[in-house]
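**Q** Next comes the structure file entry.tsv, holding TSV, C-alpha atoms and all ligand atoms.
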```tsv
chain	number	residue	atom	x	y	z
A	1	MET	CA	-191.90	231.63	-72.09
A	2	LYS	CA	-193.21	234.84	-70.49
A	3	GLU	CA	-192.00	236.84	-73.50
A	4	PHE	CA	-193.48	234.31	-75.91
A	5	ILE	CA	-196.88	234.68	-74.22
A	6	GLN	CA	-196.62	238.46	-74.01
A	7	TYR	CA	-195.87	238.82	-77.74
A	8	LEU	CA	-198.19	236.08	-78.98
A	9	PRO	CA	-201.03	237.67	-80.98
A	10	LYS	CA	-204.26	237.00	-79.09
A	11	VAL	CA	-207.96	236.89	-79.86
A	12	GLU	CA	-210.47	237.42	-77.07
A	13	LEU	CA	-213.95	235.90	-77.35
A	14	HIS	CA	-215.36	236.16	-73.83
A	15	LEU	CA	-215.23	239.59	-72.28
A	16	HIS	CA	-217.99	241.49	-70.50
A	17	ILE	CA	-217.33	245.17	-71.07
A	18	GLU	CA	-218.96	246.01	-67.72
A	19	GLY	CA	-216.42	243.64	-66.17
A	20	THR	CA	-213.53	245.83	-67.31
A	21	LEU	CA	-214.55	248.66	-64.96
A	22	GLU	CA	-211.41	249.26	-62.92
A	23	PRO	CA	-211.87	250.71	-59.40
A	24	GLU	CA	-210.19	253.97	-60.46
A	25	LEU	CA	-212.76	254.59	-63.21
A	26	MET	CA	-215.60	253.38	-60.96
A	27	LEU	CA	-214.74	256.01	-58.34
A	28	ALA	CA	-214.18	258.73	-60.94
A	29	LEU	CA	-217.53	258.07	-62.65
A	30	ALA	CA	-219.37	257.82	-59.31
A	31	LYS	CA	-218.08	261.30	-58.48
A	32	ARG	CA	-218.74	262.75	-61.94
A	33	ASN	CA	-222.29	261.35	-62.07
A	34	ASN	CA	-223.13	261.87	-58.40
A	35	ILE	CA	-223.82	258.19	-57.77
A	36	ASP	CA	-223.62	256.80	-54.24
A	37	ILE	CA	-221.42	253.71	-53.98
A	38	PRO	CA	-220.47	252.01	-50.72
A	39	PHE	CA	-216.73	252.52	-51.30
A	40	ASN	CA	-214.51	255.49	-50.41
A	41	SER	CA	-211.19	254.32	-51.77
A	42	ILE	CA	-209.63	252.04	-54.37
A	43	ALA	CA	-208.47	249.76	-51.56
A	44	GLU	CA	-212.05	249.46	-50.27
A	45	VAL	CA	-213.28	248.52	-53.73
A	46	ARG	CA	-210.56	245.89	-54.16
A	47	ASP	CA	-211.33	244.51	-50.69
A	48	ALA	CA	-214.89	243.78	-51.84
A	49	TYR	CA	-213.60	241.60	-54.69
A	50	ASN	CA	-213.62	238.39	-52.68
A	51	PHE	CA	-216.14	236.05	-54.17
A	52	HIS	CA	-217.34	232.62	-53.07
A	53	ASN	CA	-219.46	231.84	-56.13
A	54	LEU	CA	-220.95	233.38	-59.28
A	55	GLN	CA	-223.84	235.11	-57.48
A	56	SER	CA	-221.60	236.89	-54.95
A	57	PHE	CA	-219.66	238.28	-57.90
A	58	LEU	CA	-222.73	239.30	-59.91
A	59	ASP	CA	-224.06	241.37	-56.97
A	60	ILE	CA	-220.86	243.46	-56.99
A	61	TYR	CA	-220.70	243.55	-60.81
A	62	PHE	CA	-224.21	245.03	-61.18
A	63	GLN	CA	-223.55	247.50	-58.39
A	64	GLY	CA	-220.39	248.65	-60.18
A	65	ALA	CA	-222.27	249.11	-63.45
A	66	ASP	CA	-224.56	251.65	-61.73
A	67	VAL	CA	-221.93	254.39	-62.20
A	68	LEU	CA	-222.26	254.16	-66.01
A	69	ILE	CA	-224.77	256.82	-67.05
A	70	LYS	CA	-223.73	258.79	-70.14
A	71	GLU	CA	-222.62	257.72	-73.59
A	72	GLN	CA	-219.21	259.16	-72.76
A	73	ASP	CA	-218.97	256.79	-69.76
A	74	PHE	CA	-219.52	253.74	-71.98
A	75	PHE	CA	-217.03	255.15	-74.46
A	76	GLU	CA	-214.34	255.67	-71.79
A	77	LEU	CA	-214.94	252.21	-70.32
A	78	THR	CA	-214.51	250.55	-73.72
A	79	TRP	CA	-211.55	252.68	-74.72
A	80	ALA	CA	-209.70	251.81	-71.50
A	81	TYR	CA	-210.24	248.12	-72.28
A	82	LEU	CA	-208.94	248.54	-75.84
A	83	LEU	CA	-205.74	250.10	-74.49
A	84	ARG	CA	-205.33	246.97	-72.34
A	85	CYS	CA	-205.82	244.90	-75.49
A	86	GLN	CA	-203.05	246.84	-77.19
A	87	ALA	CA	-200.71	246.20	-74.23
A	88	ASP	CA	-201.51	242.46	-74.36
A	89	ASN	CA	-201.24	242.16	-78.14
A	90	VAL	CA	-204.93	241.33	-78.53
A	91	VAL	CA	-205.57	241.84	-82.25
A	92	HIS	CA	-209.28	240.97	-82.29
A	93	THR	CA	-211.90	241.01	-79.55
A	94	GLU	CA	-215.56	240.02	-79.30
A	95	ILE	CA	-217.20	241.97	-76.54
A	96	PHE	CA	-220.35	241.21	-74.52
A	97	PHE	CA	-222.54	243.89	-73.09
A	98	ASP	CA	-225.56	243.58	-70.77
A	99	PRO	CA	-228.12	246.14	-72.00
A	100	GLN	CA	-230.69	245.15	-69.35
A	101	ALA	CA	-228.24	246.04	-66.56
A	102	HIS	CA	-228.57	249.61	-67.81
A	103	THR	CA	-232.07	249.90	-69.29
A	104	GLN	CA	-233.45	248.57	-65.98
A	105	ARG	CA	-231.98	251.68	-64.33
A	106	GLY	CA	-233.48	254.02	-66.89
A	107	ILE	CA	-230.45	254.31	-69.19
A	108	CYS	CA	-231.38	254.36	-72.87
A	109	PHE	CA	-230.33	251.34	-74.96
A	110	ASP	CA	-228.95	253.69	-77.65
A	111	THR	CA	-226.70	255.46	-75.11
A	112	VAL	CA	-225.07	252.15	-74.19
A	113	VAL	CA	-224.55	250.81	-77.72
A	114	ASN	CA	-223.43	254.10	-79.21
A	115	GLY	CA	-220.82	254.72	-76.51
A	116	ILE	CA	-219.34	251.24	-76.82
A	117	HIS	CA	-219.47	251.30	-80.61
A	118	ARG	CA	-217.75	254.69	-80.91
A	119	ALA	CA	-214.80	253.33	-78.92
A	120	LEU	CA	-214.67	250.15	-81.02
A	121	ILE	CA	-214.46	252.21	-84.23
A	122	LYS	CA	-211.66	254.31	-82.74
A	123	GLY	CA	-209.94	251.06	-81.71
A	124	THR	CA	-210.01	249.82	-85.27
A	125	THR	CA	-208.72	253.02	-86.85
A	126	GLU	CA	-206.20	254.09	-84.22
A	127	LEU	CA	-205.05	250.79	-82.69
A	128	GLY	CA	-205.72	248.34	-85.53
A	129	ILE	CA	-207.79	246.15	-83.20
A	130	SER	CA	-210.82	244.59	-84.90
A	131	SER	CA	-213.92	243.79	-82.87
A	132	LYS	CA	-217.47	242.47	-82.74
A	133	LEU	CA	-220.23	243.24	-80.29
A	134	ILE	CA	-222.46	240.61	-78.66
A	135	MET	CA	-225.62	241.53	-76.75
A	136	CYS	CA	-226.35	239.29	-73.76
A	137	PHE	CA	-229.70	238.65	-72.15
A	138	LEU	CA	-229.65	238.38	-68.36
A	139	ARG	CA	-230.96	234.93	-67.56
A	140	HIS	CA	-232.27	235.91	-64.12
A	141	LEU	CA	-234.77	238.24	-65.84
A	142	ASP	CA	-237.87	237.03	-67.67
A	143	GLU	CA	-238.53	236.20	-71.30
A	144	GLU	CA	-240.57	239.34	-71.82
A	145	SER	CA	-237.66	241.57	-70.83
A	146	ALA	CA	-235.39	239.66	-73.23
A	147	PHE	CA	-237.88	240.12	-76.08
A	148	LYS	CA	-238.08	243.84	-75.32
A	149	THR	CA	-234.29	244.05	-75.44
A	150	LEU	CA	-234.21	242.21	-78.75
A	151	ALA	CA	-236.66	244.75	-80.16
A	152	GLN	CA	-234.46	247.62	-78.94
A	153	ALA	CA	-231.51	246.08	-80.77
A	154	GLN	CA	-233.29	246.19	-84.13
A	155	ASP	CA	-232.08	249.70	-84.98
A	156	HIS	CA	-228.51	248.64	-84.16
A	157	GLN	CA	-228.24	245.38	-86.01
A	158	ASP	CA	-225.34	246.78	-88.04
A	159	LYS	CA	-223.35	247.05	-84.79
A	160	ILE	CA	-224.31	243.77	-83.07
A	161	ILE	CA	-223.29	240.41	-84.52
A	162	ALA	CA	-224.75	237.97	-82.00
A	163	VAL	CA	-226.88	237.49	-78.93
A	164	GLY	CA	-225.73	235.67	-75.81
A	165	LEU	CA	-226.98	234.60	-72.40
A	166	ASP	CA	-225.27	235.38	-69.09
A	167	SER	CA	-225.81	236.00	-65.36
A	168	THR	CA	-227.12	233.40	-62.87
A	169	GLU	CA	-226.96	229.94	-64.43
A	170	LEU	CA	-228.44	227.85	-61.61
A	171	GLY	CA	-232.24	227.98	-61.62
A	172	HIS	CA	-232.47	229.74	-64.98
A	173	PRO	CA	-232.44	227.08	-67.71
A	174	ALA	CA	-231.85	227.74	-71.39
A	175	ALA	CA	-235.43	226.65	-72.10
A	176	LYS	CA	-236.68	230.01	-70.77
A	177	PHE	CA	-235.02	231.71	-73.75
A	178	GLU	CA	-235.76	229.24	-76.53
A	179	GLN	CA	-238.29	231.51	-78.26
A	180	VAL	CA	-236.16	234.66	-77.92
A	181	PHE	CA	-233.17	232.90	-79.47
A	182	LYS	CA	-235.37	231.52	-82.24
A	183	GLN	CA	-236.53	235.05	-83.05
A	184	ALA	CA	-232.95	236.43	-82.82
A	185	ILE	CA	-231.72	233.80	-85.29
A	186	LYS	CA	-234.61	234.66	-87.63
A	187	GLN	CA	-233.49	238.30	-87.50
A	188	GLY	CA	-229.97	237.28	-88.51
A	189	PHE	CA	-228.09	237.24	-85.20
A	190	LEU	CA	-225.54	234.54	-84.40
A	191	THR	CA	-225.94	232.94	-80.96
A	192	VAL	CA	-223.75	232.03	-78.01
A	193	ALA	CA	-224.60	231.23	-74.38
A	194	HIS	CA	-222.93	230.80	-71.01
A	195	ALA	CA	-223.42	227.16	-70.00
A	196	GLY	CA	-221.61	224.65	-67.81
A	197	GLU	CA	-219.82	227.29	-65.70
A	198	GLU	CA	-221.55	226.54	-62.39
A	199	GLY	CA	-224.32	224.46	-63.89
A	200	PRO	CA	-224.06	220.79	-64.93
A	201	ALA	CA	-223.06	219.34	-68.31
A	202	SER	CA	-226.75	218.92	-69.14
A	203	ASN	CA	-226.98	222.73	-69.37
A	204	ILE	CA	-224.47	222.57	-72.24
A	205	HIS	CA	-226.60	219.95	-74.01
A	206	GLU	CA	-229.68	222.14	-73.55
A	207	ALA	CA	-227.98	225.30	-74.79
A	208	LEU	CA	-226.86	223.45	-77.93
A	209	ARG	CA	-230.22	221.81	-78.55
A	210	LEU	CA	-232.62	224.63	-77.59
A	211	LEU	CA	-230.67	227.79	-78.43
A	212	HIS	CA	-228.78	226.52	-81.51
A	213	ILE	CA	-225.61	228.19	-80.31
A	214	THR	CA	-222.40	228.05	-82.31
A	215	ARG	CA	-220.01	228.31	-79.38
A	216	ILE	CA	-220.25	227.85	-75.63
A	217	ASP	CA	-219.13	230.37	-73.05
A	218	HIS	CA	-217.25	228.59	-70.23
A	219	GLY	CA	-218.49	225.00	-70.74
A	220	VAL	CA	-215.83	223.58	-68.43
A	221	ARG	CA	-218.31	221.24	-66.73
A	222	CYS	CA	-218.43	219.25	-70.01
A	223	THR	CA	-215.84	216.89	-68.52
A	224	ASP	CA	-218.57	215.33	-66.36
A	225	ASP	CA	-219.93	213.81	-69.59
A	226	GLU	CA	-217.35	212.08	-71.79
A	227	GLU	CA	-219.82	211.65	-74.63
A	228	LEU	CA	-220.40	215.40	-74.67
A	229	VAL	CA	-216.64	216.02	-74.81
A	230	GLN	CA	-216.43	213.74	-77.85
A	231	GLN	CA	-219.33	215.65	-79.45
A	232	LEU	CA	-217.50	218.96	-78.88
A	233	VAL	CA	-214.42	217.49	-80.60
A	234	SER	CA	-216.21	215.91	-83.55
A	235	GLU	CA	-218.52	218.88	-84.20
A	236	ARG	CA	-215.77	221.43	-83.51
A	237	ILE	CA	-217.92	223.32	-80.99
A	238	PRO	CA	-215.66	225.89	-79.31
A	239	LEU	CA	-215.50	226.71	-75.60
A	240	THR	CA	-214.56	230.21	-74.48
A	241	VAL	CA	-212.84	229.35	-71.20
A	242	CYS	CA	-211.91	231.95	-68.57
A	243	PRO	CA	-209.23	230.50	-66.28
A	244	LEU	CA	-208.74	233.30	-63.70
A	245	SER	CA	-212.51	233.78	-63.51
A	246	ASN	CA	-212.99	230.08	-62.76
A	247	ILE	CA	-210.54	230.29	-59.85
A	248	LYS	CA	-211.99	233.53	-58.45
A	249	LEU	CA	-215.53	232.12	-58.59
A	250	LYS	CA	-214.40	228.76	-57.23
A	251	VAL	CA	-215.42	226.67	-60.23
A	252	PHE	CA	-211.99	225.07	-59.66
A	253	GLU	CA	-210.21	225.37	-56.33
A	254	ARG	CA	-206.72	225.73	-57.82
A	255	MET	CA	-205.41	226.38	-61.33
A	256	GLU	CA	-203.55	223.04	-61.17
A	257	GLN	CA	-206.98	221.37	-61.19
A	258	HIS	CA	-208.27	223.31	-64.20
A	259	ASN	CA	-209.23	221.12	-67.16
A	260	ILE	CA	-208.39	223.54	-70.00
A	261	VAL	CA	-205.07	221.96	-70.95
A	262	ALA	CA	-206.52	218.43	-70.76
A	263	LEU	CA	-209.36	219.55	-73.05
A	264	LEU	CA	-206.87	221.12	-75.48
A	265	ARG	CA	-204.94	217.83	-75.62
A	266	LYS	CA	-208.17	215.92	-76.27
A	267	GLY	CA	-208.74	218.11	-79.31
A	268	VAL	CA	-211.53	220.34	-78.00
A	269	CYS	CA	-211.48	223.83	-79.53
A	270	VAL	CA	-210.78	225.62	-76.23
A	271	THR	CA	-209.77	229.28	-76.01
A	272	ILE	CA	-208.37	231.48	-73.20
A	273	ASN	CA	-210.31	234.63	-72.23
A	274	SER	CA	-210.52	237.16	-69.41
A	275	ASP	CA	-214.30	237.39	-68.70
A	276	ASP	CA	-214.39	240.26	-66.16
A	277	PRO	CA	-210.72	241.21	-65.86
A	278	ALA	CA	-211.15	244.18	-63.51
A	279	TYR	CA	-212.79	241.85	-60.99
A	280	PHE	CA	-210.82	238.65	-61.53
A	281	GLY	CA	-207.28	240.01	-61.40
A	282	GLY	CA	-206.03	239.87	-64.96
A	283	TYR	CA	-206.42	240.53	-68.65
A	284	MET	CA	-205.47	238.17	-71.50
A	285	THR	CA	-201.72	237.85	-70.92
A	286	ASP	CA	-202.30	237.25	-67.19
A	287	ASN	CA	-204.73	234.44	-68.02
A	288	PHE	CA	-202.26	232.76	-70.38
A	289	LEU	CA	-199.45	233.12	-67.82
A	290	ALA	CA	-201.57	231.74	-64.98
A	291	VAL	CA	-202.53	228.64	-66.99
A	292	ASN	CA	-198.97	228.01	-68.17
A	293	GLN	CA	-197.54	228.45	-64.68
A	294	ALA	CA	-199.85	225.84	-63.16
A	295	LEU	CA	-200.04	223.55	-66.19
A	296	PRO	CA	-196.87	223.97	-68.27
A	297	MET	CA	-197.30	223.70	-72.03
A	298	ASN	CA	-195.01	223.84	-75.04
A	299	LYS	CA	-195.09	226.79	-77.45
A	300	THR	CA	-197.15	224.92	-80.05
A	301	GLU	CA	-199.83	224.25	-77.45
A	302	ILE	CA	-199.89	227.86	-76.26
A	303	ALA	CA	-200.16	229.15	-79.83
A	304	GLN	CA	-202.98	226.67	-80.45
A	305	PHE	CA	-205.20	228.78	-78.17
A	306	THR	CA	-204.86	231.65	-80.64
A	307	PHE	CA	-205.49	229.40	-83.66
A	308	ASN	CA	-208.56	228.01	-81.89
A	309	ALA	CA	-209.83	231.52	-81.11
A	310	ILE	CA	-209.41	232.61	-84.73
A	311	ALA	CA	-211.36	229.56	-85.87
A	312	ALA	CA	-214.08	230.16	-83.25
A	313	SER	CA	-214.38	233.91	-83.94
A	314	PHE	CA	-217.17	235.62	-85.86
A	315	ILE	CA	-214.86	237.29	-88.37
A	316	SER	CA	-215.21	236.50	-92.07
A	317	LYS	CA	-213.33	233.65	-93.77
A	318	SER	CA	-211.01	236.06	-95.57
A	319	GLU	CA	-210.24	237.89	-92.31
A	320	LYS	CA	-209.47	234.55	-90.67
A	321	GLN	CA	-207.01	233.74	-93.41
A	322	ARG	CA	-205.34	237.11	-92.90
A	323	LEU	CA	-204.85	236.40	-89.18
A	324	THR	CA	-203.43	232.88	-89.68
B	1	LIG	C1	-220.31	236.63	-65.83
B	1	LIG	CL1	-218.33	234.99	-65.04
B	1	LIG	C2	-219.93	235.32	-65.54
B	1	LIG	N1	-220.82	234.35	-65.60
B	1	LIG	C3	-222.07	234.62	-65.93
B	1	LIG	N2	-222.49	235.84	-66.22
B	1	LIG	C4	-221.61	236.84	-66.18
B	1	LIG	N3	-221.75	238.14	-66.42
B	1	LIG	C5	-220.58	238.73	-66.22
B	1	LIG	N4	-219.69	237.82	-65.85
B	2	ZN	ZN	-218.80	235.48	-68.87
```
Represent the structure contained in this file as structure tokens.
Ligand code: ES4
Ligand code: ZN
**A**
Amino acid sequence: MKEFIQYLPKVELHLHIEGTLEPELMLALAKRNNIDIPFNSIAEVRDAYNFHNLQSFLDIYFQGADVLIKEQDFFELTWAYLLRCQADNVVHTEIFFDPQAHTQRGICFDTVVNGIHRALIKGTTELGISSKLIMCFLRHLDEESAFKTLAQAQDHQDKIIAVGLDSTELGHPAAKFEQVFKQAIKQGFLTVAHAGEEGPASNIHEALRLLHITRIDHGVRCTDDEELVQQLVSERIPLTVCPLSNIKLKVFERMEQHNIVALLRKGVCVTINSDDPAYFGGYMTDNFLAVNQALPMNKTEIAQFTFNAIAASFISKSEKQRLT
């Protein structure tokens, strides 16, 4: 089964590029860019990766992102991730980035997008990995900052397919971003949002109703509301689930308690993704293996995650047919 999972073609739909910053690159970039970080060794960095909830992770995640300064840094970060994709047989990936995490520190929006995009192009030509880029708004920041970010994206609309919403879910309802998402849709962006990771099932309802999203990031708390689960099935609304992330951030105590396989068997379009793999202890193959170890599945069920991800992806109909 391990070989089957290793060689299974995979599609990733929930991946924060800043969350692929491995300690080795973090230390190298800190040195190269003269940035002070409170770690002196790789072991010290890894020691800090003990989280008790989403917020305790986000604090470390934003601190790590501080070492990213130049376009070349964003390029190297993205390229390293694409090499991991190649190793895991990921054939298509849809990548989030958090522009505000960088523009807030004085880094130019163009620097961030251009560095990431240059690596994605190289990934397509040299590795045969197709990709899309999704710009997330940080939900702990205000509406005005999100609007400013949307304006900055205008010159890069050829490189960005969708907007999303991430960071602290509790206390920052979807309603705060209703107008920004409305404007983004008007400009031609597709929309996704993190919802029902730490927050209740009602957050999923609100994201669907107020932000008009076409797929939900995480969404595992949907099981608190059976009617919602049935809506996800009947309307084929996909969930981009991140199993190792959910364990690390204590959304579920143990993988045996995770609901992803139960949701798959109910007919929800669930997918497996790595979220912030440098922080959560594994890329795509590791996530598949961890789920299958705790909740054994047959090969048809495992392959269904890839079929679901193809269906839920933002690639064109003809591209989808090519992959299936
Ligand atoms: C995130 Cl796991 C998770 N949840 C919400 N926002 C995020 N940003 C990066 N990882
Ligand atoms: Zn996420």
**Q** Which residues are near ligand ZN 2 (chain B) in this structure, taking near to mean any atom at most 8 Å from a ligand atom and counting all atoms listed in the file? Format them as a PyMOL selection string.
**A** chain A and resi 14-16+166-167+194+217-218+242+275-276
**Q** Which residues of chain A have any atom within 9 Å of an atom in ligand LIG 1 (chain B) when counting all atoms listed in the file, and what is the closest pair of atoms for each, with the distance in Å to one decimal? Order the rows by chain and rising number and write it as JSON lines.
**A**
```
{"residue": "A:Leu15", "atom": "CA", "partner": "B:LIG1", "partner_atom": "N4", "distance": 8.0}
{"residue": "A:His16", "atom": "CA", "partner": "B:LIG1", "partner_atom": "C5", "distance": 5.7}
{"residue": "A:Ile17", "atom": "CA", "partner": "B:LIG1", "partner_atom": "C5", "distance": 8.7}
{"residue": "A:Glu18", "atom": "CA", "partner": "B:LIG1", "partner_atom": "C5", "distance": 7.6}
{"residue": "A:Gly19", "atom": "CA", "partner": "B:LIG1", "partner_atom": "C5", "distance": 6.4}
{"residue": "A:Leu54", "atom": "CA", "partner": "B:LIG1", "partner_atom": "N1", "distance": 6.4}
{"residue": "A:Gln55", "atom": "CA", "partner": "B:LIG1", "partner_atom": "C3", "distance": 8.6}
{"residue": "A:Phe57", "atom": "CA", "partner": "B:LIG1", "partner_atom": "N4", "distance": 8.0}
{"residue": "A:Leu58", "atom": "CA", "partner": "B:LIG1", "partner_atom": "N3", "distance": 6.7}
{"residue": "A:Tyr61", "atom": "CA", "partner": "B:LIG1", "partner_atom": "C5", "distance": 7.2}
{"residue": "A:Phe62", "atom": "CA", "partner": "B:LIG1", "partner_atom": "C5", "distance": 8.8}
{"residue": "A:Phe96", "atom": "CA", "partner": "B:LIG1", "partner_atom": "C5", "distance": 8.7}
{"residue": "A:Phe97", "atom": "CA", "partner": "B:LIG1", "partner_atom": "C5", "distance": 8.8}
{"residue": "A:Asp98", "atom": "CA", "partner": "B:LIG1", "partner_atom": "N3", "distance": 7.9}
{"residue": "A:Cys136", "atom": "CA", "partner": "B:LIG1", "partner_atom": "N3", "distance": 8.7}
{"residue": "A:Leu138", "atom": "CA", "partner": "B:LIG1", "partner_atom": "N2", "distance": 7.9}
{"residue": "A:Arg139", "atom": "CA", "partner": "B:LIG1", "partner_atom": "N2", "distance": 8.6}
{"residue": "A:Leu165", "atom": "CA", "partner": "B:LIG1", "partner_atom": "N2", "distance": 7.7}
{"residue": "A:Asp166", "atom": "CA", "partner": "B:LIG1", "partner_atom": "N2", "distance": 4.0}
{"residue": "A:Ser167", "atom": "CA", "partner": "B:LIG1", "partner_atom": "N2", "distance": 3.4}
{"residue": "A:Thr168", "atom": "CA", "partner": "B:LIG1", "partner_atom": "C3", "distance": 6.0}
{"residue": "A:Glu169", "atom": "CA", "partner": "B:LIG1", "partner_atom": "C3", "distance": 6.9}
{"residue": "A:His194", "atom": "CA", "partner": "B:LIG1", "partner_atom": "C3", "distance": 6.4}
{"residue": "A:Ala195", "atom": "CA", "partner": "B:LIG1", "partner_atom": "C3", "distance": 8.6}
{"residue": "A:Glu197", "atom": "CA", "partner": "B:LIG1", "partner_atom": "N1", "distance": 7.1}
{"residue": "A:Glu198", "atom": "CA", "partner": "B:LIG1", "partner_atom": "N1", "distance": 8.5}
{"residue": "A:Asp217", "atom": "CA", "partner": "B:LIG1", "partner_atom": "N1", "distance": 8.6}
{"residue": "A:His218", "atom": "CA", "partner": "B:LIG1", "partner_atom": "N1", "distance": 8.2}
{"residue": "A:Cys242", "atom": "CA", "partner": "B:LIG1", "partner_atom": "CL1", "distance": 7.9}
{"residue": "A:Ser245", "atom": "CA", "partner": "B:LIG1", "partner_atom": "CL1", "distance": 6.1}
{"residue": "A:Asn246", "atom": "CA", "partner": "B:LIG1", "partner_atom": "CL1", "distance": 7.6}
{"residue": "A:Leu249", "atom": "CA", "partner": "B:LIG1", "partner_atom": "CL1", "distance": 7.6}
{"residue": "A:Asp275", "atom": "CA", "partner": "B:LIG1", "partner_atom": "CL1", "distance": 5.9}
{"residue": "A:Asp276", "atom": "CA", "partner": "B:LIG1", "partner_atom": "N4", "distance": 5.8}
```
**Q** At what distance in Å, to one decimal, does atom CA of A:Arg215 lie from atom CA of A:Thr149?
**A**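 Separating atom CA of A:Thr149 from atom CA of A:Arg215 is a distance of 21.6 Å.
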**Q** Interatomic distance between atom CA of A:Tyr81 and atom CA of A:Ile116?
**A**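 Separating atom CA of A:Tyr81 from atom CA of A:Ile116 is a distance of 10.6 Å.
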**Q** When you look at A:His212 with a cut-off of 12 Å (counting only C-alpha atoms), what residues show up, excluding the ones that are within fewer than 4 positions of it in the same chain? I need them as a ChimeraX atom specification.
**A** /A:163-164,174-175,177-186,189-193,204-208,216,237
**Q** Record the distance separating atom CA of A:Ala146 and atom CA of A:Leu21, expressed in Å with one decimal.
**A**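 According to the coordinates, atom CA of A:Ala146 and atom CA of A:Leu21 are separated by 24.2 Å.
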**Q** Would you please work out which residue, of A:Asn53, A:Asn292, A:Asn203, A:Gln72, is nearest to A:Glu253 when using only C-alpha atoms?
**A**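 The closest residue to A:Glu253 is A:Asn53.
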**Q** Would you list the residues near (-203.1, 220.9, -73.6) (no more than 9 Å away, in the coordinates of the file, using all atoms listed in the file) as a PyMOL selection string?
**A** chain A and resi 259-267+295-298+301-302+304
**Q** Which residue out of A:Leu27, A:Leu68, A:Met284, A:Ala311 has the minimum interatomic distance to A:Thr103 when only C-alpha atoms are used?
**A**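 Nearest candidate to A:Thr103 out of A:Leu27, A:Leu68, A:Met284, A:Ala311: A:Leu68.
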**Q** Quick one: what's the axis-aligned box for stretch 261-272 of chain A, all listed atoms, 8 Å on every side, centre and edges in Å to one decimal, as lines of an AutoDock Vina configuration file?
**A**
```
center_x = -208.2
center_y = 223.7
center_z = -75.1
size_x = 22.6
size_y = 31.6
size_z = 24.8
```
**Q** Compare A:Ala309, A:Leu25, A:Ile37, A:Ile247 by their minimum atom-to-atom distance to A:Phe280, counting only C-alpha atoms, and give me the closest one.
**A** A:Ile247
**Q** Which residues come within 8 Å of A:Cys269, counting all atoms listed in the file, excluding same-chain residues fewer than 6 positions away, as a list of chain:residue names?
**A**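 These residues fall inside the cut-off: A:Leu232, A:Val233, A:Arg236, A:Ile237, A:Pro238, A:Leu239, A:Asn308, A:Ala312.
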